[in-house]
Amino acid sequence: MEVENHKSRYWSLGNWFMRKQKEDMPSYTLKEIEDGAEDKNDDYGGDLSLRSLEFDPCILINKLRIFVGTWNVGGKNPVGSLAVDLDEWLNLKNAADIYVLGFQEIVPLKTLTVIGGEDPAVGKSWNQLIGRALNDKFGCCSWMTPMVNSSISGDENDKCLENPSSEGSKYRLVASKKMVGVFISVWLREEVMRKYCVSKVRVCSVACGVMGYLGNKGSVAVSMSIEGTSFCFVAAHLASGEKKGDEGRRNHQVAEIFRRTYFSRTTKHHHYPHHPLSILGHDRIFWFGDLNYRLYSEDNFARNLIRKQDWKALQEFDQLQKELEEGGVFEGWKEGNIEFAPTYKYSSSISNIYYGGFPSRSWEKQRTPAWCDRILWYGKGVEQQHYLRSESKFSDHRPVSALFSTQIEVKSSSRGLKELQNITPKMLHPNHGLNKGEEDGKPSLLSLLRKDVKGC
């Protein structure tokens, strides 16, 4: 890792030096600059887009990997044996920088839980299980202390998050929020928190269930910034039902969540004038959950396509796809291609069989299988790398996940001076004369570097 860091630093310095030299040379066309920007023999393998330095030396473009997952757990309590299912769902062999997990029905949606007070113990139990899965460490729970109080809507964290290292921890809980059965949990790799400024963490919940204001349906959302890029993560549970017109209720709830989600700004935020207050004010947005959109299809016809695993043909009847195409909801948003079986509804007694699959079981109401559990995104600089479901039989839903590669903007001035403190003249190769000049009355490369970074 240290060797790669030095390679990256030398490569960056080389590009900077060439740019400085070009300032004293005749102008070149854009084509000539682009042709000379790449060196096929360069062994730099990082994810830093340094070409942008040719045009804006103060902005660096880095990439992060974000895992987004959603799971309706059917009102069941987390148990120790669930750890195996979590490992498969989180795909830890291909670890991400950020894990954003949304759950629905972490408590049974009964009258008492819907109108009663929040029980923080349930969310804490899920966070403990998630933390152990991510960190593979039992006992010490310092990684589980959230940076944001998870019990209050509108929580905030104004400064760059401090990251007290805990031995053995790989990920830290940054934000967590519960509203009845809807729950979101956001975890960052410690290396990310050491390298970048993570700030302005806020949460907001919107209840739009019974009578439009009870929390059996609705959303919990997290807003945060990583360096100069703002993120919004929205975990939602929308209205159920497969009758004609039920999709309209879901569309209405989506509109309500957009309208009523608000990340407050206090007088302490005068130094953050551009902090986004709404969902659509963010640079990168991820919306996921049990969105409950069904199929415009007869039950037998849908089950026949499922047996054939003809997902493309089945998607032609998907309500959410129709709404996206017609602009009824999520206009301009994206979803990856679905190449997996519908995630709902599985029989509680035969977990690998869809509900209603046995005509003899009169107590099982006929339910047409559907892709209820979905992950959407909005914003530039986002690429989806996978979109799949897991096979846990913990509930009547299958968990779904998506892995994204996303860009973040890093102001070089915010990190540059800190990096330069670690650069000595010996680190600059003497054979190229990069250390010479001070004795000749000319500025050295090191002094020019410091001057250049301060000017950003």
# chains A, B, ... in the order shown; residues from 1 in each chain; ligands from 1

call {"tool": "residues_around", "arguments": {"residues": "region 66-81 of chain A", "least_positions_apart": "4", "cutoff": "6 Å", "atoms": "only C-alpha atoms", "output": "mmCIF file with N, CA and C atoms, in the first residue's frame"}}
result
data_model
loop_
_atom_site.group_PDB
_atom_site.id
_atom_site.type_symbol
_atom_site.label_atom_id
_atom_site.label_comp_id
_atom_site.auth_asym_id
_atom_site.auth_seq_id
_atom_site.Cartn_x
_atom_site.Cartn_y
_atom_site.Cartn_z
ATOM 1 N N ALA A 96 -17.170 -3.502 -0.280
ATOM 2 C CA ALA A 96 -17.388 -2.144 -0.749
ATOM 3 C C ALA A 96 -16.822 -1.140 0.251
ATOM 4 N N ASP A 97 -16.784 0.136 -0.150
ATOM 5 C CA ASP A 97 -16.336 1.200 0.750
ATOM 6 C C ASP A 97 -17.457 1.661 1.667
ATOM 7 N N ILE A 98 -18.679 1.601 1.170
ATOM 8 C CA ILE A 98 -19.846 2.055 1.919
ATOM 9 C C ILE A 98 -20.928 0.988 1.820
ATOM 10 N N TYR A 99 -21.554 0.679 2.952
ATOM 11 C CA TYR A 99 -22.694 -0.230 2.973
ATOM 12 C C TYR A 99 -23.915 0.550 3.444
ATOM 13 N N VAL A 100 -24.951 0.563 2.600
ATOM 14 C CA VAL A 100 -26.205 1.238 2.926
ATOM 15 C C VAL A 100 -27.304 0.186 2.886
ATOM 16 N N LEU A 101 -27.857 -0.121 4.046
ATOM 17 C CA LEU A 101 -28.812 -1.224 4.157
ATOM 18 C C LEU A 101 -30.171 -0.701 4.602
ATOM 19 N N GLY A 102 -31.196 -1.058 3.852
ATOM 20 C CA GLY A 102 -32.550 -0.679 4.200
ATOM 21 C C GLY A 102 -33.378 -1.907 4.518
ATOM 22 N N PHE A 103 -34.159 -1.821 5.582
ATOM 23 C CA PHE A 103 -35.008 -2.939 5.998
ATOM 24 C C PHE A 103 -36.453 -2.461 6.108
ATOM 25 N N GLN A 104 -37.365 -3.397 5.903
ATOM 26 C CA GLN A 104 -38.779 -3.136 6.128
ATOM 27 C C GLN A 104 -39.323 -4.217 7.054
ATOM 28 N N GLU A 105 -40.292 -3.813 7.861
ATOM 29 C CA GLU A 105 -40.947 -4.722 8.808
ATOM 30 C C GLU A 105 -39.948 -5.374 9.758
ATOM 31 N N ILE A 106 -39.089 -4.579 10.362
ATOM 32 C CA ILE A 106 -38.216 -5.141 11.403
ATOM 33 C C ILE A 106 -39.004 -5.355 12.689
ATOM 34 N N VAL A 107 -40.248 -4.856 12.718
ATOM 35 C CA VAL A 107 -41.209 -5.188 13.773
ATOM 36 C C VAL A 107 -42.515 -5.561 13.077
ATOM 37 N N PRO A 108 -43.359 -6.388 13.706
ATOM 38 C CA PRO A 108 -44.660 -6.699 13.110
ATOM 39 C C PRO A 108 -45.497 -5.428 12.988
ATOM 40 N N GLY A 289 -36.039 -0.245 -1.421
ATOM 41 C CA GLY A 289 -36.956 -0.755 -0.413
ATOM 42 C C GLY A 289 -37.994 -1.680 -0.993
ATOM 43 N N SER A 395 -37.520 -14.747 5.475
ATOM 44 C CA SER A 395 -38.851 -14.147 5.411
ATOM 45 C C SER A 395 -39.519 -14.499 4.090
ATOM 46 N N HIS A 397 -39.874 -12.479 1.688
ATOM 47 C CA HIS A 397 -39.192 -11.706 0.658
ATOM 48 C C HIS A 397 -37.764 -12.210 0.513
ATOM 49 N N PRO A 399 -33.919 -10.913 -0.112
ATOM 50 C CA PRO A 399 -33.140 -9.665 -0.093
ATOM 51 C C PRO A 399 -32.540 -9.358 -1.453
ATOM 52 N N VAL A 400 -32.405 -8.079 -1.762
ATOM 53 C CA VAL A 400 -31.872 -7.615 -3.037
ATOM 54 C C VAL A 400 -30.701 -6.685 -2.773
ATOM 55 N N SER A 401 -29.710 -6.688 -3.669
ATOM 56 C CA SER A 401 -28.555 -5.809 -3.500
ATOM 57 C C SER A 401 -28.076 -5.283 -4.840
ATOM 58 N N ALA A 402 -27.384 -4.167 -4.790
ATOM 59 C CA ALA A 402 -26.750 -3.588 -5.977
ATOM 60 C C ALA A 402 -25.414 -3.002 -5.552
ATOM 61 N N LEU A 403 -24.409 -3.167 -6.380
ATOM 62 C CA LEU A 403 -23.094 -2.590 -6.123
ATOM 63 C C LEU A 403 -22.856 -1.495 -7.152
ATOM 64 N N PHE A 404 -22.438 -0.322 -6.657
ATOM 65 C CA PHE A 404 -22.226 0.827 -7.523
ATOM 66 C C PHE A 404 -20.793 1.333 -7.406
#

call {"tool": "residues_around", "arguments": {"residues": "Phe301 (chain A)", "least_positions_apart": "3", "cutoff": "12 Å", "atoms": "only C-alpha atoms", "output": "MDAnalysis selection string"}}
result
chainID A and resid 295:298 304:308 310 313:314 317 368:369

call {"tool": "atom_distance", "arguments": {"atom1": "CA of Leu238 (chain A)", "atom2": "CA of Ser185 (chain A)"}}
result
18.7 Å

call {"tool": "closest_residue", "arguments": {"among": "A:Ser348, A:Ser412, A:Ser199, A:Gln321", "to": "Arg294 (chain A)", "atoms": "only C-alpha atoms"}}
result
A:Gln321

call {"tool": "select_by_dssp", "arguments": {"residues": "region 309-367 of chain A", "states": "strand (DSSP E or B)", "output": "JSON, numbers by chain"}}
result
{"A": [318, 334, 344, 346, 354]}

call {"tool": "closest_residue", "arguments": {"among": "A:Ala370, A:Glu88, A:Ile353, A:Val114", "to": "Ala302 (chain A)", "atoms": "only C-alpha atoms"}}
result
A:Ala370

call {"tool": "select_by_dssp", "arguments": {"residues": "region 185-384 of chain A", "states": "alpha helix (DSSP H)", "output": "PyMOL selection string"}}
result
chain A and resi 190-195+246-260+299-308+311-315+319-326

call {"tool": "write_last_selection", "arguments": {"atoms": "C-alpha atoms", "output": "mmCIF file, in the first residue's frame"}}
result
data_model
loop_
_atom_site.group_PDB
_atom_site.id
_atom_site.type_symbol
_atom_site.label_atom_id
_atom_site.label_comp_id
_atom_site.auth_asym_id
_atom_site.auth_seq_id
_atom_site.Cartn_x
_atom_site.Cartn_y
_atom_site.Cartn_z
ATOM 1 C CA GLU A 190 -12.482 3.227 8.251
ATOM 2 C CA GLU A 191 -9.968 3.891 5.484
ATOM 3 C CA VAL A 192 -12.541 6.107 3.740
ATOM 4 C CA MET A 193 -13.117 8.080 6.928
ATOM 5 C CA ARG A 194 -9.394 8.610 7.390
ATOM 6 C CA LYS A 195 -8.841 9.677 3.794
ATOM 7 C CA ASP A 246 -53.083 0.308 -6.081
ATOM 8 C CA GLU A 247 -50.083 1.512 -8.088
ATOM 9 C CA GLY A 248 -51.605 4.996 -7.894
ATOM 10 C CA ARG A 249 -51.401 4.899 -4.084
ATOM 11 C CA ARG A 250 -47.740 3.964 -4.330
ATOM 12 C CA ASN A 251 -47.094 6.790 -6.777
ATOM 13 C CA HIS A 252 -48.777 9.210 -4.377
ATOM 14 C CA GLN A 253 -46.607 8.057 -1.477
ATOM 15 C CA VAL A 254 -43.469 8.522 -3.573
ATOM 16 C CA ALA A 255 -44.563 12.086 -4.308
ATOM 17 C CA GLU A 256 -45.244 12.671 -0.600
ATOM 18 C CA ILE A 257 -41.803 11.396 0.363
ATOM 19 C CA PHE A 258 -40.194 13.732 -2.155
ATOM 20 C CA ARG A 259 -42.298 16.638 -0.893
ATOM 21 C CA ARG A 260 -41.951 16.082 2.847
ATOM 22 C CA ASP A 299 -51.304 -15.217 -12.057
ATOM 23 C CA ASN A 300 -50.956 -18.378 -14.162
ATOM 24 C CA PHE A 301 -49.352 -16.510 -17.059
ATOM 25 C CA ALA A 302 -46.784 -14.881 -14.732
ATOM 26 C CA ARG A 303 -45.943 -18.186 -13.035
ATOM 27 C CA ASN A 304 -45.440 -19.819 -16.432
ATOM 28 C CA LEU A 305 -42.889 -17.152 -17.425
ATOM 29 C CA ILE A 306 -41.178 -17.613 -14.051
ATOM 30 C CA ARG A 307 -40.844 -21.353 -14.652
ATOM 31 C CA LYS A 308 -39.233 -20.543 -18.014
ATOM 32 C CA TRP A 311 -37.315 -12.365 -17.068
ATOM 33 C CA LYS A 312 -37.314 -10.076 -20.098
ATOM 34 C CA ALA A 313 -40.835 -11.095 -21.073
ATOM 35 C CA LEU A 314 -42.023 -10.828 -17.469
ATOM 36 C CA GLN A 315 -40.632 -7.298 -17.124
ATOM 37 C CA GLN A 319 -45.752 -1.839 -12.911
ATOM 38 C CA LEU A 320 -42.683 0.127 -11.895
ATOM 39 C CA GLN A 321 -41.108 -0.197 -15.333
ATOM 40 C CA LYS A 322 -44.357 1.053 -16.875
ATOM 41 C CA GLU A 323 -44.452 4.015 -14.516
ATOM 42 C CA LEU A 324 -40.818 4.862 -15.272
ATOM 43 C CA GLU A 325 -41.436 4.715 -19.011
ATOM 44 C CA GLU A 326 -44.592 6.810 -18.851
#

call {"tool": "closest_residue", "arguments": {"among": "A:Lys124, A:Lys393, A:Lys243, A:His282", "to": "Ser176 (chain A)", "atoms": "only C-alpha atoms"}}
result
A:Lys124

call {"tool": "atom_distance", "arguments": {"atom1": "CA of Gly181 (chain A)", "atom2": "CA of Lys365 (chain A)"}}
result
23.4 Å

call {"tool": "residues_around", "arguments": {"residues": "region 343-345 of chain A", "least_positions_apart": "2", "cutoff": "7 Å", "atoms": "only C-alpha atoms", "output": "number ranges by chain"}}
result
A: 341, 347, 354-355, 369-373, 396-398

call {"tool": "closest_residue", "arguments": {"among": "A:Ala236, A:Leu214, A:Leu277, A:Met224", "to": "Ile184 (chain A)", "atoms": "only C-alpha atoms"}}
result
A:Ala236

call {"tool": "atom_distance", "arguments": {"atom1": "CA of Phe330 (chain A)", "atom2": "CA of Leu280 (chain A)"}}
result
10.9 Å

call {"tool": "closest_residue", "arguments": {"among": "A:Asn62, A:Gln385, A:Gln309, A:Thr113", "to": "Glu335 (chain A)", "atoms": "only C-alpha atoms"}}
result
A:Gln385
